[in-house]
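Asker: The structure's right below; bear with me while I get my questions together.
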Amino acid sequence: MLKVCIVGLSGRMGHVIFDCCQGMEGFKVISGISKNDNPLPLSFNGERADSVEGLTVVPDVFIDFSRPECSLSVLDYAKEHGCAVVLGTTGFTDDDKSKIVSTARAVPVVFAANFSVGVNVMLALIKKTAAIMQDADLEIYEAHHRYKVDAPSGTALAMAEAAAEARGVQLNDVLVAGRNGITGERSYGTIGISSVRGGDVVGEHNAMFLTDGERVCIEHIATSRATFARGAIRAASWVSDKKPGLYTMKEVLGLDKI
């Protein structure tokens, strides 16, 4: 039986992950971490803690869709107690990401900007397309609900990173996140990202490869957070018996072998 702790249990993703875990053979949500007063899932009967330090039973794996400051504490706990981690939090700084890498030397960590199976297939397609259409202008559009706190989204940045890697450039050197005012002509080789926030949009991402005379678009639209929850649960099952290391959904889904 895989013992799971959901970090951010009272949040939107926490509720969906818990619901998707119900009835799954070999899974048991034994605990949840929640700092706010939002209601927990009605059928949750595990241990609730305000922070990871308040847990009395060590889980086998954390599924974490919270905030960077909370996730960093989870990583410390996981390293100390030998827990696997599925990390879906976004908004990390470069220093934070270095800590993720360091933790993965001691315990297995699946770290992904997006756990949707479809999104990860899209990332693989973007990488192949960027390698073939080297001269195309690339623009990425992303839209999310009004409550999302970071922009561009982690998925949009992962899309841009996949294209930059395929073209052999550093993303920081070519990224243009948003445009305003008299920007001048587009610089060759740049990758643009536009962000929209509003309503209840679960997630929309579109990569447009634009050349003179044609345009190739690779799009993913999520209509339910269950899409991400099922991918995270799949990752938790996969990583639970892996050696220490930093993994992505490419390894979980076998896309690294295609």
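Identifiers in this document derive from the order of the structure tokens: chains are assigned A, B, ..., residues are numbered from 1 separately in each chain, and ligands are numbered from 1 in order of occurrence.
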Using only C-alpha atoms, find each residue in range 31-77 of chain A having at least one atom no more than 12 Å away from range 237-242 of chain A; report its shortest atom-to-atom pair and that distance in Å (one decimal), rows by chain then rising number, as JSON lines.
Answerer:
{"residue": "A:Pro59", "atom": "CA", "partner": "A:Ser240", "partner_atom": "CA", "distance": 10.6}
{"residue": "A:Asp60", "atom": "CA", "partner": "A:Ser240", "partner_atom": "CA", "distance": 7.0}
{"residue": "A:Val61", "atom": "CA", "partner": "A:Ser240", "partner_atom": "CA", "distance": 6.6}
{"residue": "A:Phe62", "atom": "CA", "partner": "A:Ser240", "partner_atom": "CA", "distance": 9.8}
{"residue": "A:Ile63", "atom": "CA", "partner": "A:Ser237", "partner_atom": "CA", "distance": 10.6}
Asker: Generate the output file for the selected residues, all heavy atoms, as a PDB file, in the first residue's frame.
Answerer:
ATOM      1  N   PRO A  59       5.048   9.547   5.225  1.00  0.00           N
ATOM      2  CA  PRO A  59       4.462   8.964   4.005  1.00  0.00           C
ATOM      3  C   PRO A  59       5.539   8.356   3.110  1.00  0.00           C
ATOM      4  O   PRO A  59       6.730   8.633   3.273  1.00  0.00           O
ATOM      5  CB  PRO A  59       3.806  10.169   3.326  1.00  0.00           C
ATOM      6  CG  PRO A  59       4.667  11.327   3.745  1.00  0.00           C
ATOM      7  CD  PRO A  59       5.114  11.020   5.157  1.00  0.00           C
ATOM      8  N   ASP A  60       5.095   7.540   2.169  1.00  0.00           N
ATOM      9  CA  ASP A  60       6.023   7.019   1.162  1.00  0.00           C
ATOM     10  C   ASP A  60       6.323   8.067   0.103  1.00  0.00           C
ATOM     11  O   ASP A  60       7.444   8.135  -0.423  1.00  0.00           O
ATOM     12  CB  ASP A  60       5.419   5.781   0.472  1.00  0.00           C
ATOM     13  CG  ASP A  60       5.193   4.636   1.433  1.00  0.00           C
ATOM     14  OD1 ASP A  60       6.086   4.374   2.268  1.00  0.00           O
ATOM     15  OD2 ASP A  60       4.118   3.999   1.355  1.00  0.00           O
ATOM     16  N   VAL A  61       5.318   8.882  -0.223  1.00  0.00           N
ATOM     17  CA  VAL A  61       5.476   9.873  -1.280  1.00  0.00           C
ATOM     18  C   VAL A  61       4.606  11.090  -0.992  1.00  0.00           C
ATOM     19  O   VAL A  61       3.483  10.969  -0.487  1.00  0.00           O
ATOM     20  CB  VAL A  61       5.127   9.259  -2.666  1.00  0.00           C
ATOM     21  CG1 VAL A  61       3.698   8.744  -2.701  1.00  0.00           C
ATOM     22  CG2 VAL A  61       5.358  10.261  -3.795  1.00  0.00           C
ATOM     23  N   PHE A  62       5.150  12.259  -1.285  1.00  0.00           N
ATOM     24  CA  PHE A  62       4.395  13.507  -1.244  1.00  0.00           C
ATOM     25  C   PHE A  62       3.930  13.852  -2.661  1.00  0.00           C
ATOM     26  O   PHE A  62       4.687  13.725  -3.622  1.00  0.00           O
ATOM     27  CB  PHE A  62       5.266  14.663  -0.748  1.00  0.00           C
ATOM     28  CG  PHE A  62       5.584  14.628   0.717  1.00  0.00           C
ATOM     29  CD1 PHE A  62       6.790  14.106   1.160  1.00  0.00           C
ATOM     30  CD2 PHE A  62       4.695  15.135   1.647  1.00  0.00           C
ATOM     31  CE1 PHE A  62       7.107  14.086   2.506  1.00  0.00           C
ATOM     32  CE2 PHE A  62       4.995  15.117   3.001  1.00  0.00           C
ATOM     33  CZ  PHE A  62       6.198  14.595   3.438  1.00  0.00           C
ATOM     34  N   ILE A  63       2.690  14.322  -2.778  1.00  0.00           N
ATOM     35  CA  ILE A  63       2.225  14.956  -4.005  1.00  0.00           C
ATOM     36  C   ILE A  63       1.982  16.406  -3.649  1.00  0.00           C
ATOM     37  O   ILE A  63       1.093  16.724  -2.853  1.00  0.00           O
ATOM     38  CB  ILE A  63       0.938  14.309  -4.552  1.00  0.00           C
ATOM     39  CG1 ILE A  63       1.171  12.822  -4.850  1.00  0.00           C
ATOM     40  CG2 ILE A  63       0.477  15.030  -5.813  1.00  0.00           C
ATOM     41  CD1 ILE A  63      -0.069  12.104  -5.385  1.00  0.00           C
TER      42      ILE A  63
END
Asker: Extract, using only C-alpha atoms, all DNA, RNA and protein residues at most 10 Å from Pro41 in chain A, discarding same-chain residues fewer than 3 positions from it, and format them as a list in words.
Answerer: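 Residues near the query, excluding close chain neighbours: Leu9, Ser10, Gly11, Gly14, His15, Val16, Phe18, Asp19, Asn38, Phe44 and Asn45 of chain A.
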Asker: Tell me, counting only C-alpha atoms, for each residue of range 170-236 of chain A within 12 Å of range 73-85 of chain A, which pair of atoms is nearest and how far apart they are in Å to one decimal, in rows ordered by chain and increasing number, as a Markdown table.
Answerer:
| residue | atom | partner | partner_atom | distance |
| --- | --- | --- | --- | --- |
| A:Ala232 | CA | A:Val85 | CA | 10.3 |
| A:Ile233 | CA | A:Val85 | CA | 11.2 |
| A:Ala235 | CA | A:Val85 | CA | 9.3 |
| A:Ala236 | CA | A:Val85 | CA | 7.5 |
Asker: Those same residues - N, CA and C atoms - I'd like them written as a PDB file, in the first residue's frame.
Answerer:
ATOM      1  N   ALA A 232      -0.326  13.268 -11.964  1.00  0.00           N
ATOM      2  CA  ALA A 232       0.471  13.315 -10.742  1.00  0.00           C
ATOM      3  C   ALA A 232       0.410  11.993  -9.988  1.00  0.00           C
ATOM      4  N   ILE A 233      -0.768  11.386  -9.956  1.00  0.00           N
ATOM      5  CA  ILE A 233      -0.913  10.089  -9.300  1.00  0.00           C
ATOM      6  C   ILE A 233      -0.124   9.025 -10.049  1.00  0.00           C
ATOM      7  N   ALA A 235       2.551   9.578 -11.703  1.00  0.00           N
ATOM      8  CA  ALA A 235       3.950   9.846 -11.370  1.00  0.00           C
ATOM      9  C   ALA A 235       4.296   9.327  -9.982  1.00  0.00           C
ATOM     10  N   ALA A 236       3.368   9.470  -9.021  1.00  0.00           N
ATOM     11  CA  ALA A 236       3.614   8.992  -7.665  1.00  0.00           C
ATOM     12  C   ALA A 236       3.795   7.481  -7.638  1.00  0.00           C
TER      13      ALA A 236
END
Asker: Taking the DSSP assignment computed from this structure's backbone, write out as a PyMOL selection string all residues of range 37-219 of chain A that belong to helix (DSSP H, G or I).
Answerer: chain A and resi 52-54+68-81+94-103+117-132+154-167+171-174
Asker: Calculate how many Å separate CA of Ser194 in chain A from CA of Ile132 in chain A, rounding to one decimal.
Answerer: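 Pair CA of Ser194 in chain A / CA of Ile132 in chain A returns 23.3 Å.
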Asker: Can you pull out every residue within 10 Å of Thr155 in chain A, counting only C-alpha atoms, but drop anything in the same chain fewer than 2 positions away, and send it as a ChimeraX atom specification?
Answerer: /A:90,112-115,119-120,123,142,152-153,157-161,203-205
Asker: Need to verify the contact set: Leu253 in chain A, 10 Å, only C-alpha atoms, exclusion of same-chain residues closer than 4 positions in sequence. Can you return it as a list in words?
Answerer: Val117, Asn120, Val121, Gly231, Arg234, Ala235, Trp238, Thr248, Met249 and Lys257 of chain A
Asker: With distances taken over only C-alpha atoms, which residue among A:Ala229, A:Ala222, A:Ile191, A:Val7 lies nearest Ile33 in chain A?
Answerer: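 Residue with the minimum atom-to-atom distance to Ile33 in chain A: A:Val7.
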Asker: Skipping near chain neighbours, those fewer than 3 positions away, what residues fall within 8 Å of Leu72 in chain A using only C-alpha atoms, listed as a count of residues only?
Answerer: 7
